[in-house]
>>> print(open('coords-v1.cif').read())   # mmCIF, C-alpha atoms and all ligand atoms
data_input
loop_
_atom_site.label_atom_id
_atom_site.label_comp_id
_atom_site.auth_asym_id
_atom_site.auth_seq_id
_atom_site.Cartn_x
_atom_site.Cartn_y
_atom_site.Cartn_z
CA THR V 1 -13.51 99.57 98.59
CA GLN V 2 -11.67 100.81 95.50
CA GLY V 3 -13.87 103.13 93.45
CA GLN V 4 -16.53 103.25 96.15
CA VAL V 5 -17.51 105.82 98.72
CA ILE V 6 -16.15 104.87 102.15
CA THR V 7 -18.06 105.80 105.28
CA CYS V 8 -15.71 106.14 108.25
CA LYS V 9 -15.15 108.06 111.46
CA ALA V 10 -13.64 111.54 111.37
CA ALA V 11 -13.30 114.38 113.86
CA VAL V 12 -15.22 117.30 112.37
CA ALA V 13 -14.60 120.90 113.40
CA TRP V 14 -18.06 122.37 112.82
CA GLU V 15 -17.20 125.82 114.10
CA ALA V 16 -14.18 127.67 115.46
CA ASN V 17 -13.42 126.76 119.08
CA LYS V 18 -16.34 124.34 119.43
CA PRO V 19 -15.30 120.83 120.49
CA LEU V 20 -14.66 118.52 117.53
CA VAL V 21 -17.36 115.91 116.93
CA ILE V 22 -16.66 112.33 115.83
CA GLU V 23 -18.98 111.84 112.85
CA ASP V 24 -19.65 109.23 110.19
CA VAL V 25 -18.18 110.88 107.12
CA GLN V 26 -18.46 109.82 103.48
CA VAL V 27 -15.12 109.87 101.68
CA ALA V 28 -15.41 109.88 97.87
CA PRO V 29 -13.00 107.81 95.75
CA PRO V 30 -9.85 109.54 94.51
CA GLN V 31 -10.12 111.29 91.14
CA ALA V 32 -7.31 111.70 88.61
CA GLY V 33 -4.06 112.58 90.36
CA GLU V 34 -5.46 111.82 93.82
CA VAL V 35 -4.74 109.22 96.47
CA ARG V 36 -7.06 107.87 99.16
CA VAL V 37 -5.14 107.05 102.33
CA LYS V 38 -6.15 105.02 105.36
CA ILE V 39 -4.78 107.09 108.23
CA LEU V 40 -3.48 104.92 111.08
CA PHE V 41 -1.86 107.50 113.34
CA THR V 42 -2.03 111.28 113.55
CA ALA V 43 -0.45 113.73 115.94
CA LEU V 44 -1.67 117.23 116.79
CA CYS V 45 0.45 120.28 115.97
CA HIS V 46 -0.01 123.76 117.32
CA THR V 47 -1.11 124.86 113.84
CA ASP V 48 -4.23 122.64 114.10
CA ALA V 49 -5.12 124.47 117.32
CA TYR V 50 -4.42 127.78 115.61
CA THR V 51 -6.83 127.14 112.74
CA TRP V 52 -9.43 125.66 115.09
CA SER V 53 -9.22 128.89 117.14
CA GLY V 54 -10.62 130.85 114.19
CA LYS V 55 -7.53 133.08 113.85
CA ASP V 56 -6.32 131.52 110.58
CA PRO V 57 -7.48 133.59 107.59
CA GLU V 58 -7.52 130.32 105.59
CA GLY V 59 -9.57 128.48 108.22
CA LEU V 60 -12.90 127.26 106.85
CA PHE V 61 -15.65 125.45 108.72
CA PRO V 62 -16.89 122.77 108.84
CA CYS V 63 -13.59 121.05 108.16
CA ILE V 64 -11.46 118.07 109.06
CA LEU V 65 -8.19 119.31 110.57
CA GLY V 66 -4.92 117.38 111.01
CA HIS V 67 -1.65 117.38 109.06
CA GLU V 68 0.96 115.31 110.97
CA ALA V 69 0.17 111.69 110.20
CA ALA V 70 1.02 108.35 108.63
CA GLY V 71 -1.03 105.70 106.86
CA ILE V 72 -1.42 103.24 104.02
CA VAL V 73 -2.63 103.93 100.49
CA GLU V 74 -6.12 102.43 100.00
CA SER V 75 -6.64 103.36 96.34
CA VAL V 76 -5.34 105.73 93.70
CA GLY V 77 -6.98 107.75 90.95
CA GLU V 78 -6.21 107.77 87.25
CA GLY V 79 -2.69 108.68 86.27
CA VAL V 80 -1.15 108.17 89.71
CA THR V 81 2.17 106.42 89.20
CA GLU V 82 4.33 107.04 92.23
CA VAL V 83 2.25 105.24 94.86
CA GLN V 84 -0.03 102.22 94.82
CA PRO V 85 -2.44 100.55 97.24
CA GLY V 86 -0.59 99.13 100.22
CA ASP V 87 2.25 101.68 100.19
CA HIS V 88 3.10 103.25 103.53
CA VAL V 89 2.92 107.02 103.28
CA ILE V 90 3.13 110.33 105.09
CA PRO V 91 0.77 113.07 103.84
CA CYS V 92 2.63 116.30 103.02
CA TYR V 93 0.89 119.64 103.47
CA GLN V 94 3.72 121.21 101.55
CA ALA V 95 3.40 119.56 98.14
CA GLU V 96 6.24 118.84 95.71
CA CYS V 97 5.27 118.44 92.03
CA ARG V 98 8.80 118.83 90.60
CA GLU V 99 7.33 120.69 87.60
CA CYS V 100 6.09 124.09 88.70
CA LYS V 101 8.04 127.34 88.75
CA PHE V 102 8.69 126.96 92.49
CA CYS V 103 9.84 123.33 92.34
CA LYS V 104 12.07 124.01 89.34
CA SER V 105 13.66 127.10 90.87
CA GLY V 106 15.87 125.13 93.23
CA LYS V 107 15.44 128.09 95.59
CA THR V 108 12.48 126.96 97.69
CA ASN V 109 10.52 123.96 98.91
CA LEU V 110 7.21 125.72 98.31
CA CYS V 111 5.18 124.18 95.47
CA GLY V 112 2.55 125.99 93.43
CA LYS V 113 0.71 123.07 91.86
CA VAL V 114 -2.17 122.58 94.31
CA ARG V 115 -1.71 125.42 96.81
CA ALA V 116 -4.67 127.43 95.47
CA ALA V 117 -7.02 124.51 96.17
CA THR V 118 -5.58 123.48 99.53
CA GLY V 119 -5.90 127.05 100.78
CA VAL V 120 -9.66 126.95 100.19
CA GLY V 121 -10.30 123.43 101.48
CA VAL V 122 -10.97 121.63 98.18
CA MET V 123 -9.28 119.36 95.61
CA MET V 124 -7.64 120.82 92.50
CA ASN V 125 -9.53 118.76 89.85
CA ASP V 126 -13.08 119.99 90.38
CA LYS V 127 -12.58 122.51 93.23
CA LYS V 128 -14.79 120.31 95.40
CA SER V 129 -14.35 118.41 98.64
CA ARG V 130 -14.13 114.59 98.80
CA PHE V 131 -15.65 114.66 102.31
CA SER V 132 -19.35 114.91 103.03
CA ILE V 133 -21.93 114.10 105.68
CA ASN V 134 -25.29 113.12 104.20
CA GLY V 135 -24.50 115.17 101.11
CA LYS V 136 -23.22 118.26 102.96
CA PRO V 137 -19.60 118.98 101.98
CA ILE V 138 -16.96 119.22 104.70
CA TYR V 139 -13.81 121.19 103.84
CA HIS V 140 -10.33 119.71 103.59
CA PHE V 141 -7.49 121.33 105.61
CA MET V 142 -3.91 121.94 104.42
CA GLY V 143 -4.48 119.32 101.72
CA THR V 144 -4.15 116.60 104.36
CA SER V 145 -7.17 116.34 106.78
CA THR V 146 -5.68 113.55 108.85
CA PHE V 147 -8.20 113.56 111.72
CA SER V 148 -10.12 110.97 109.68
CA GLN V 149 -9.85 107.21 109.16
CA TYR V 150 -9.66 107.88 105.41
CA THR V 151 -8.57 111.01 103.58
CA VAL V 152 -7.99 112.02 99.96
CA VAL V 153 -4.81 113.90 99.06
CA HIS V 154 -3.19 115.08 95.83
CA ASP V 155 -0.52 112.70 94.54
CA VAL V 156 2.02 115.53 94.82
CA SER V 157 1.22 115.69 98.54
CA VAL V 158 2.15 112.21 99.66
CA ALA V 159 5.56 110.70 100.46
CA LYS V 160 6.14 106.96 100.15
CA ILE V 161 8.21 105.66 103.04
CA ASP V 162 10.00 102.52 104.23
CA PRO V 163 7.26 99.99 105.12
CA LYS V 164 9.34 98.84 108.10
CA ALA V 165 9.09 102.27 109.79
CA PRO V 166 6.70 102.34 112.78
CA LEU V 167 3.79 104.53 111.67
CA ASP V 168 2.88 105.43 115.26
CA LYS V 169 6.24 107.21 115.51
CA VAL V 170 7.12 108.48 112.03
CA CYS V 171 3.80 110.31 111.75
CA LEU V 172 5.71 113.11 113.49
CA LEU V 173 7.86 113.47 110.38
CA GLY V 174 4.82 115.05 108.70
CA CYS V 175 5.43 118.40 110.37
CA GLY V 176 6.98 119.50 113.66
CA VAL V 177 10.27 117.62 113.79
CA PRO V 178 11.33 118.26 110.15
CA THR V 179 10.31 121.90 110.53
CA GLY V 180 12.71 122.45 113.41
CA LEU V 181 15.58 120.42 111.96
CA GLY V 182 15.19 121.99 108.52
CA ALA V 183 14.98 125.54 109.87
CA VAL V 184 18.54 124.97 111.12
CA TRP V 185 19.97 122.85 108.31
CA ASN V 186 18.23 124.31 105.24
CA THR V 187 17.00 127.79 106.07
CA ALA V 188 19.66 129.15 108.43
CA LYS V 189 22.45 126.73 107.48
CA VAL V 190 23.96 126.97 110.96
CA GLU V 191 27.72 126.33 111.01
CA ALA V 192 29.76 124.53 113.66
CA GLY V 193 30.71 126.80 116.56
CA SER V 194 27.67 129.07 116.19
CA ILE V 195 25.73 130.53 119.11
CA VAL V 196 22.04 129.76 118.68
CA ALA V 197 18.95 131.08 120.49
CA VAL V 198 15.66 129.15 120.36
CA PHE V 199 12.49 130.95 121.44
CA GLY V 200 9.75 128.50 122.47
CA LEU V 201 10.63 124.98 123.58
CA GLY V 202 7.70 123.01 122.18
CA THR V 203 8.29 120.26 119.62
CA VAL V 204 9.38 122.70 116.92
CA GLY V 205 11.81 124.56 119.20
CA LEU V 206 13.27 121.33 120.58
CA ALA V 207 13.80 120.05 117.04
CA VAL V 208 15.65 123.31 116.31
CA ALA V 209 17.86 122.56 119.32
CA GLU V 210 18.43 118.99 118.10
CA GLY V 211 19.33 120.27 114.63
CA ALA V 212 21.66 122.92 116.05
CA LYS V 213 23.44 120.35 118.20
CA ALA V 214 23.92 118.12 115.15
CA ALA V 215 25.28 121.12 113.24
CA GLY V 216 27.90 121.61 115.97
CA ALA V 217 26.58 124.79 117.60
CA SER V 218 28.75 125.83 120.55
CA ARG V 219 25.92 127.27 122.67
CA ILE V 220 22.20 126.63 122.35
CA ILE V 221 20.22 129.05 124.47
CA GLY V 222 16.61 128.03 125.06
CA ILE V 223 14.07 130.74 125.94
CA ASP V 224 10.65 129.87 127.33
CA ILE V 225 8.22 131.40 129.81
CA ASP V 226 7.71 127.94 131.31
CA SER V 227 10.79 127.00 133.37
CA LYS V 228 9.68 123.37 133.52
CA LYS V 229 10.68 123.12 129.85
CA PHE V 230 14.39 123.27 130.62
CA ASP V 231 14.81 119.77 132.01
CA THR V 232 13.46 118.17 128.83
CA ALA V 233 15.20 120.71 126.63
CA LYS V 234 18.64 119.60 127.89
CA ASN V 235 18.02 116.18 126.31
CA PHE V 236 17.55 117.87 122.94
CA GLY V 237 20.76 119.89 123.12
CA VAL V 238 19.81 123.13 124.89
CA THR V 239 22.84 124.19 126.92
CA GLU V 240 21.48 127.28 128.70
CA PHE V 241 18.01 128.38 129.68
CA VAL V 242 16.56 131.88 129.97
CA ASN V 243 13.10 132.66 131.26
CA PRO V 244 12.03 136.18 130.21
CA LYS V 245 9.92 136.35 133.37
CA ASP V 246 13.10 136.33 135.48
CA HIS V 247 14.27 139.60 133.89
CA ASP V 248 12.93 143.13 133.95
CA ARG V 249 14.88 144.18 130.86
CA PRO V 250 13.81 143.32 127.29
CA ILE V 251 14.89 139.76 126.56
CA GLN V 252 16.94 140.84 123.52
CA GLN V 253 19.17 142.92 125.79
CA VAL V 254 19.60 140.04 128.19
CA LEU V 255 20.73 137.81 125.31
CA VAL V 256 23.04 140.40 123.76
CA ASP V 257 24.80 140.73 127.13
CA LEU V 258 25.01 136.98 127.58
CA THR V 259 26.66 136.50 124.19
CA ASP V 260 29.14 139.37 123.79
CA GLY V 261 27.02 141.25 121.26
CA GLY V 262 24.38 138.82 120.14
CA VAL V 263 23.71 135.36 118.77
CA ASP V 264 24.68 134.08 115.33
CA TYR V 265 21.28 132.51 114.71
CA SER V 266 17.88 132.78 116.39
CA PHE V 267 14.64 130.91 115.78
CA GLU V 268 11.12 132.00 116.80
CA CYS V 269 9.06 128.86 117.43
CA ILE V 270 6.00 130.37 119.14
CA GLY V 271 4.01 132.54 116.73
CA ASN V 272 4.24 135.72 118.83
CA VAL V 273 5.13 138.87 116.87
CA SER V 274 6.78 140.67 119.78
CA VAL V 275 8.98 137.64 120.38
CA MET V 276 9.80 137.68 116.64
CA ARG V 277 11.13 141.19 117.11
CA ALA V 278 13.17 140.18 120.14
CA ALA V 279 14.53 137.19 118.19
CA LEU V 280 15.74 139.49 115.41
CA GLU V 281 17.16 142.08 117.77
CA CYS V 282 19.16 139.59 119.85
CA CYS V 283 21.16 138.74 116.72
CA HIS V 284 24.76 139.87 116.34
CA LYS V 285 25.39 143.05 114.36
CA GLY V 286 26.80 142.41 110.89
CA TRP V 287 25.67 138.82 110.39
CA GLY V 288 23.10 137.49 112.88
CA THR V 289 20.22 135.72 111.16
CA SER V 290 16.77 135.21 112.64
CA VAL V 291 14.34 132.62 111.29
CA ILE V 292 10.59 132.92 111.84
CA VAL V 293 9.03 129.50 112.27
CA GLY V 294 6.00 130.29 114.43
CA VAL V 295 2.68 131.06 112.77
CA ALA V 296 1.06 134.32 113.92
CA ALA V 297 -2.65 135.06 113.88
CA SER V 298 -4.46 136.97 111.18
CA GLY V 299 -3.95 140.73 111.55
CA GLN V 300 -0.66 140.41 113.44
CA GLU V 301 2.35 142.19 111.96
CA ILE V 302 6.08 142.23 112.69
CA SER V 303 8.10 145.38 113.22
CA THR V 304 11.60 146.52 114.06
CA ARG V 305 13.80 149.52 113.30
CA PRO V 306 15.06 149.14 109.73
CA PHE V 307 18.47 150.03 111.21
CA GLN V 308 18.54 146.47 112.56
CA LEU V 309 18.70 145.20 108.97
CA VAL V 310 20.87 148.03 107.67
CA THR V 311 23.44 146.91 110.22
CA GLY V 312 23.54 143.41 108.87
CA ARG V 313 20.95 141.35 110.66
CA VAL V 314 18.90 139.10 108.38
CA TRP V 315 15.24 138.19 108.83
CA LYS V 316 14.03 134.93 107.25
CA GLY V 317 11.15 132.50 107.51
CA THR V 318 10.64 128.84 106.86
CA ALA V 319 7.82 126.48 105.87
CA PHE V 320 8.31 122.79 106.68
CA GLY V 321 11.94 123.64 107.40
CA GLY V 322 12.69 124.12 103.73
CA PHE V 323 12.50 120.36 103.13
CA LYS V 324 11.24 119.18 99.74
CA SER V 325 8.52 116.94 101.04
CA ARG V 326 8.16 113.98 98.71
CA SER V 327 11.92 113.76 98.15
CA GLN V 328 13.11 114.30 101.67
CA VAL V 329 10.48 112.88 104.05
CA PRO V 330 11.54 109.33 103.07
CA TRP V 331 15.15 110.37 103.77
CA LEU V 332 14.13 111.66 107.21
CA VAL V 333 12.35 108.36 107.89
CA ASP V 334 15.57 106.52 106.97
CA LYS V 335 17.57 108.78 109.27
CA TYR V 336 15.17 107.92 112.08
CA MET V 337 15.49 104.20 111.32
CA LYS V 338 19.28 104.59 111.56
CA LYS V 339 18.79 106.38 114.91
CA GLU V 340 20.36 109.57 113.52
CA ILE V 341 17.39 111.75 114.53
CA LYS V 342 15.02 111.54 117.48
CA VAL V 343 11.30 111.03 117.07
CA ASP V 344 10.05 108.87 119.97
CA GLU V 345 11.35 111.43 122.47
CA TYR V 346 8.84 114.05 121.25
CA ILE V 347 5.85 111.78 121.94
CA THR V 348 4.57 112.42 125.45
CA HIS V 349 1.00 111.14 125.09
CA ASN V 350 -0.93 108.48 123.15
CA LEU V 351 -4.72 108.60 122.81
CA THR V 352 -7.40 107.57 120.30
CA LEU V 353 -9.22 109.65 117.69
CA GLY V 354 -12.29 109.54 119.94
CA GLU V 355 -10.28 111.36 122.63
CA ILE V 356 -9.21 114.18 120.33
CA ASN V 357 -10.72 116.98 122.40
CA LYS V 358 -8.72 115.77 125.39
CA ALA V 359 -5.65 115.83 123.13
CA PHE V 360 -6.32 119.49 122.24
CA ASP V 361 -6.64 120.28 125.97
CA LEU V 362 -3.30 118.57 126.60
CA MET V 363 -1.58 120.89 124.13
CA HIS V 364 -2.01 123.76 126.54
CA GLU V 365 -0.26 121.84 129.30
CA GLY V 366 3.47 122.32 129.72
CA GLY V 367 4.16 118.58 129.92
CA CYS V 368 2.81 117.81 126.45
CA LEU V 369 5.00 117.84 123.35
CA ARG V 370 3.27 115.60 120.83
CA CYS V 371 0.16 113.50 121.45
CA VAL V 372 -0.25 110.68 118.91
CA LEU V 373 -3.79 109.46 118.23
CA SER V 374 -4.49 105.98 116.93
CA VAL V 375 -7.12 106.49 114.30
P1 LIG V 401 4.07 124.54 121.27
O1 LIG V 401 2.86 125.25 121.76
O2 LIG V 401 4.27 123.12 121.66
O3 LIG V 401 5.37 125.34 121.73
C1 LIG V 401 5.41 126.72 121.97
C2 LIG V 401 6.32 127.01 123.18
O4 LIG V 401 6.46 128.42 123.30
C3 LIG V 401 5.78 126.52 124.52
O5 LIG V 401 6.79 125.79 125.19
C4 LIG V 401 5.45 127.81 125.29
O6 LIG V 401 5.64 127.70 126.69
C5 LIG V 401 6.43 128.79 124.67
N1 LIG V 401 6.04 130.21 124.77
C6 LIG V 401 4.80 130.75 124.62
N2 LIG V 401 4.86 132.10 124.72
C7 LIG V 401 6.16 132.42 124.92
C8 LIG V 401 6.89 133.65 125.10
N3 LIG V 401 6.24 134.83 125.06
N4 LIG V 401 8.22 133.61 125.26
C9 LIG V 401 8.88 132.41 125.29
N5 LIG V 401 8.26 131.21 125.13
C10 LIG V 401 6.92 131.21 124.95
O7 LIG V 401 4.03 124.67 119.68
P2 LIG V 401 4.74 123.83 118.50
O8 LIG V 401 3.84 122.74 118.05
O9 LIG V 401 6.15 123.54 118.89
O10 LIG V 401 4.71 124.95 117.35
C11 LIG V 401 5.40 126.17 117.52
C12 LIG V 401 4.98 127.18 116.46
O11 LIG V 401 5.45 126.77 115.18
C13 LIG V 401 3.46 127.35 116.30
O12 LIG V 401 3.20 128.71 116.03
C14 LIG V 401 3.16 126.52 115.06
O13 LIG V 401 1.97 126.98 114.43
C15 LIG V 401 4.39 126.79 114.23
N6 LIG V 401 4.73 125.82 113.18
C16 LIG V 401 5.23 126.32 112.03
C17 LIG V 401 5.65 125.48 111.01
C18 LIG V 401 6.22 126.03 109.75
O14 LIG V 401 6.33 125.28 108.77
N7 LIG V 401 6.62 127.29 109.70
C19 LIG V 401 5.55 124.09 111.20
C20 LIG V 401 5.06 123.61 112.43
C21 LIG V 401 4.66 124.48 113.41
N1 LIG V 402 -3.14 129.62 106.71
C1 LIG V 402 -2.13 130.13 107.56
C2 LIG V 402 -0.77 129.72 107.07
C3 LIG V 402 -0.07 129.05 108.14
C4 LIG V 402 1.34 128.67 107.74
O1 LIG V 402 2.21 129.52 107.58
N2 LIG V 402 1.57 127.38 107.62
C5 LIG V 402 2.91 126.84 107.42
C6 LIG V 402 2.89 125.46 107.93
S1 LIG V 402 2.48 125.35 109.62
C7 LIG V 402 2.55 123.72 109.94
O2 LIG V 402 2.30 123.46 111.22
C8 LIG V 402 3.30 126.79 105.96
O3 LIG V 402 3.82 125.81 105.47
N3 LIG V 402 3.10 127.85 105.25
C9 LIG V 402 3.36 127.91 103.83
C10 LIG V 402 2.08 127.74 103.08
O4 LIG V 402 2.12 127.63 101.86
O5 LIG V 402 1.03 127.73 103.73
C11 LIG V 402 -2.22 131.63 107.65
O6 LIG V 402 -1.85 132.15 108.70
O7 LIG V 402 -2.65 132.25 106.65
ZN ZN V 403 2.27 121.50 111.96
#
>>> encode(input="coords-v1.cif", output="structure tokens", more="lines below")
Ligand code: NAD
Ligand code: AHE
Ligand code: ZN
Amino acid sequence: TQGQVITCKAAVAWEANKPLVIEDVQVAPPQAGEVRVKILFTALCHTDAYTWSGKDPEGLFPCILGHEAAGIVESVGEGVTEVQPGDHVIPCYQAECRECKFCKSGKTNLCGKVRAATGVGVMMNDKKSRFSINGKPIYHFMGTSTFSQYTVVHDVSVAKIDPKAPLDKVCLLGCGVPTGLGAVWNTAKVEAGSIVAVFGLGTVGLAVAEGAKAAGASRIIGIDIDSKKFDTAKNFGVTEFVNPKDHDRPIQQVLVDLTDGGVDYSFECIGNVSVMRAALECCHKGWGTSVIVGVAASGQEISTRPFQLVTGRVWKGTAFGGFKSRSQVPWLVDKYMKKEIKVDEYITHNLTLGEINKAFDLMHEGGCLRCVLSV
């Protein structure tokens, strides 16, 4: 297949909110600096649903969504040195080139090398897509497009992992779990003894709880409007549960009272701008830090009284938990293999690519954390 166009099945999002359609898609060979990957397993993340909904200003249609996956390198383009056919890999929507201003800064995991292309659904080389259906181009998504049996990614956007790792599990290390763990370990740098509040107990919020427990947090308060979430959340380290629906006061006041003045760290893992405000305002005066993890729709804005910041609260955000993708995803895989982090526990459903619309429906059900599709 090397050097040839591959025709394979992919789930195409033709239009916002219209069911995805399994199509025969032509996948062009990788060009210089590109890698063609056979995707074996992909999970769905809330961000896929967000872009599909049409609320993502970077959402382009028709496209192939998907960014939490694992597979095997099929072929590589000219000049690719770090992976070769047969390598087991995890695509990384947050690239790491190790050469750009961002990578060299040591201050961020964001990478500037291919971001301009991935934001407009094409590859960097020729600003074109490698996907087409009978000659009609189909856009890439997040530089990953994993809802396809084959995809083409930039070489800076692929992490080579231990071939012994089960791909049907470690696909989750492409997004949600690292995001939550890293928000705690890299972005907030939670210290032992801290009081932590987690808003939203989906996969990302539960991974925050897991990370906070590992960091030695003394209290981990989980906040969700779905009380059924608490039972599961306990297994990930949540020690107390608050449902905003059980209170008639603003949730930030409830939390400030529960914690003698506020929490040390809070994390918004929903994508709701009014919850982002509450998450900031439930922080302790003088030092409380709030991390925005959730992705909010186009046009949404955050607000608070500047006095909240003047009096020492800190507002931060995180992308992929601040992890440097190519360097640290393999390390996360190793941690999973050593049973130092959970992954299996976040997988509540297993379906096939052909059942992807059912998988999107499941995301709106309380009982679903991650659904892994065999591709
Ligand atoms: P999810 O839908 O599984 O979880 C969201 C949880 O929030 C659910 O349990 C839901 O009941 C709860 N919730 C909804 N409204 C609420 C409210 N008003 N108050 C309290 N709880 C509420 O989603 P997920 O896959 O865990 O992703 C969470 C968010 O993180 C999404 O916005 C996603 O786009 C974003 N995300 C960001 C990054 C990043 O790098 N920054 C990475 C992955 C995901
Ligand atoms: N196109 C979206 C951006 C959404 C966003 O913030 N994405 C996160 C990852 S979410 C993974 O589930 C991210 O990494 N952002 C940094 C980046 O470079 O995109 C919008 O709303 O405009
Ligand atoms: Zn994601």
>>> closest_residue(input="coords-v1.cif", among="V:Val37, V:Cys45, V:Leu110, V:Ala214", to="Ile341 of chain V", atoms="all atoms listed in the file")
V:Ala214
>>> residues_around(input="coords-v1.cif", residues="segment 189-195 of chain V", least_positions_apart="6", cutoff="9 Å", atoms="only C-alpha atoms", output="short mmCIF file (atom, residue, chain, number, x, y, z; two decimals) with C-alpha atoms, in the coordinates of the input")
data_model
loop_
_atom_site.label_atom_id
_atom_site.label_comp_id
_atom_site.auth_asym_id
_atom_site.auth_seq_id
_atom_site.Cartn_x
_atom_site.Cartn_y
_atom_site.Cartn_z
CA GLY V 182 15.19 121.99 108.52
CA ALA V 183 14.98 125.54 109.87
CA GLY V 211 19.33 120.27 114.63
CA ALA V 212 21.66 122.92 116.05
CA LYS V 213 23.44 120.35 118.20
CA ALA V 214 23.92 118.12 115.15
CA ALA V 215 25.28 121.12 113.24
CA GLY V 216 27.90 121.61 115.97
CA ALA V 217 26.58 124.79 117.60
CA SER V 218 28.75 125.83 120.55
CA ARG V 219 25.92 127.27 122.67
CA ILE V 220 22.20 126.63 122.35
CA ILE V 221 20.22 129.05 124.47
CA THR V 259 26.66 136.50 124.19
CA GLY V 262 24.38 138.82 120.14
CA VAL V 263 23.71 135.36 118.77
CA ASP V 264 24.68 134.08 115.33
CA TYR V 265 21.28 132.51 114.71
CA SER V 266 17.88 132.78 116.39
#
>>> axis_aligned_box(input="coords-v1.cif", around="ligand LIG 402 (chain V)", padding_each_side="8 Å", output="AutoDock Vina command-line options")
--center_x 0.3 --center_y 127.9 --center_z 106.5 --size_x 23.0 --size_y 24.8 --size_z 25.4
>>> residues_near_ligand(input="coords-v1.cif", ligand="ligand LIG 402 (chain V)", cutoff="9 Å", atoms="all atoms listed in the file", output="ChimeraX atom specification")
/V:45-48,50-51,55-59,67-68,93-95,110-112,115,118-119,142,175-176,179,293-298,318-321
>>> atom_distance(input="coords-v1.cif", atom1="atom N3 of ligand LIG 401 (chain V)", atom2="atom CA of Gly366 of chain V")
13.6 Å
>>> residues_around(input="coords-v1.cif", residues="Ser374 of chain V", least_positions_apart="3", cutoff="7 Å", atoms="only C-alpha atoms", output="ChimeraX atom specification")
/V:40-42,351-353
>>> closest_residue(input="coords-v1.cif", among="V:Asn186, V:Thr144, V:Thr7, V:Gln84", to="ligand ZN 403 (chain V)", atoms="all atoms listed in the file")
V:Thr144
>>> atom_distance(input="coords-v1.cif", atom1="atom CA of Val184 of chain V", atom2="atom CA of His284 of chain V")
17.0 Å
>>> residues_around(input="coords-v1.cif", residues="Val89 of chain V", least_positions_apart="2", cutoff="9 Å", atoms="only C-alpha atoms", output="list in words")
Val37, Ala69, Ala70, Gly71, Ile72, Val73, Val83, Asp87, Pro91, Val158, Ala159, Lys160, Ile161, Asp162, Pro163, Leu167 and Pro330 of chain V
>>> write_last_selection(input="coords-v1.cif", atoms="C-alpha atoms", output="mmCIF file, in the frame of the given file")
data_model
loop_
_atom_site.group_PDB
_atom_site.id
_atom_site.type_symbol
_atom_site.label_atom_id
_atom_site.label_comp_id
_atom_site.auth_asym_id
_atom_site.auth_seq_id
_atom_site.Cartn_x
_atom_site.Cartn_y
_atom_site.Cartn_z
ATOM 1 C CA VAL V 37 -5.140 107.050 102.330
ATOM 2 C CA ALA V 69 0.170 111.690 110.200
ATOM 3 C CA ALA V 70 1.020 108.350 108.630
ATOM 4 C CA GLY V 71 -1.030 105.700 106.860
ATOM 5 C CA ILE V 72 -1.420 103.240 104.020
ATOM 6 C CA VAL V 73 -2.630 103.930 100.490
ATOM 7 C CA VAL V 83 2.250 105.240 94.860
ATOM 8 C CA ASP V 87 2.250 101.680 100.190
ATOM 9 C CA PRO V 91 0.770 113.070 103.840
ATOM 10 C CA VAL V 158 2.150 112.210 99.660
ATOM 11 C CA ALA V 159 5.560 110.700 100.460
ATOM 12 C CA LYS V 160 6.140 106.960 100.150
ATOM 13 C CA ILE V 161 8.210 105.660 103.040
ATOM 14 C CA ASP V 162 10.000 102.520 104.230
ATOM 15 C CA PRO V 163 7.260 99.990 105.120
ATOM 16 C CA LEU V 167 3.790 104.530 111.670
ATOM 17 C CA PRO V 330 11.540 109.330 103.070
#
>>> closest_residue(input="coords-v1.cif", among="V:Ala278, V:Ile90, V:Cys63, V:Val114", to="Tyr139 of chain V", atoms="all atoms listed in the file")
V:Cys63
>>> closest_residue(input="coords-v1.cif", among="V:Asp126, V:Val153, V:Gly54, V:Ile225", to="Pro30 of chain V", atoms="all atoms listed in the file")
V:Val153
>>> residues_around(input="coords-v1.cif", residues="Gly66 of chain V", least_positions_apart="5", cutoff="6 Å", atoms="only C-alpha atoms", output="PyMOL selection string")
chain V and resi 145-147
>>> write_last_selection(input="coords-v1.cif", atoms="C-alpha atoms", output="JSON list (two decimals), keeping the file's coordinate frame")
[["chain", "number", "residue", "atom", "x", "y", "z"],
["V", 145, "SER", "CA", -7.17, 116.34, 106.78],
["V", 146, "THR", "CA", -5.68, 113.55, 108.85],
["V", 147, "PHE", "CA", -8.20, 113.56, 111.72]]
>>> atom_distance(input="coords-v1.cif", atom1="atom C11 of ligand LIG 401 (chain V)", atom2="atom CA of Phe199 of chain V")
9.4 Å
>>> closest_residue(input="coords-v1.cif", among="V:Lys324, V:Lys316, V:Lys136, V:Lys127", to="Val156 of chain V", atoms="only C-alpha atoms")
V:Lys324
>>> closest_residue(input="coords-v1.cif", among="V:Leu65, V:Pro29, V:Cys103, V:Gly174", to="ligand ZN 403 (chain V)", atoms="all atoms listed in the file")
V:Gly174
>>> residues_near_point(input="coords-v1.cif", point="(-8.3, 120.9, 122.7)", cutoff="12 Å", atoms="only C-alpha atoms", output="list in words")
Ala13, Ala16, Asn17, Lys18, Pro19, Leu20, Val21, Leu44, Cys45, His46, Asp48, Ala49, Tyr50, Thr51, Trp52, Ser53, Glu355, Ile356, Asn357, Lys358, Ala359, Phe360, Asp361, Leu362, Met363, His364, Glu365 and Cys371 of chain V
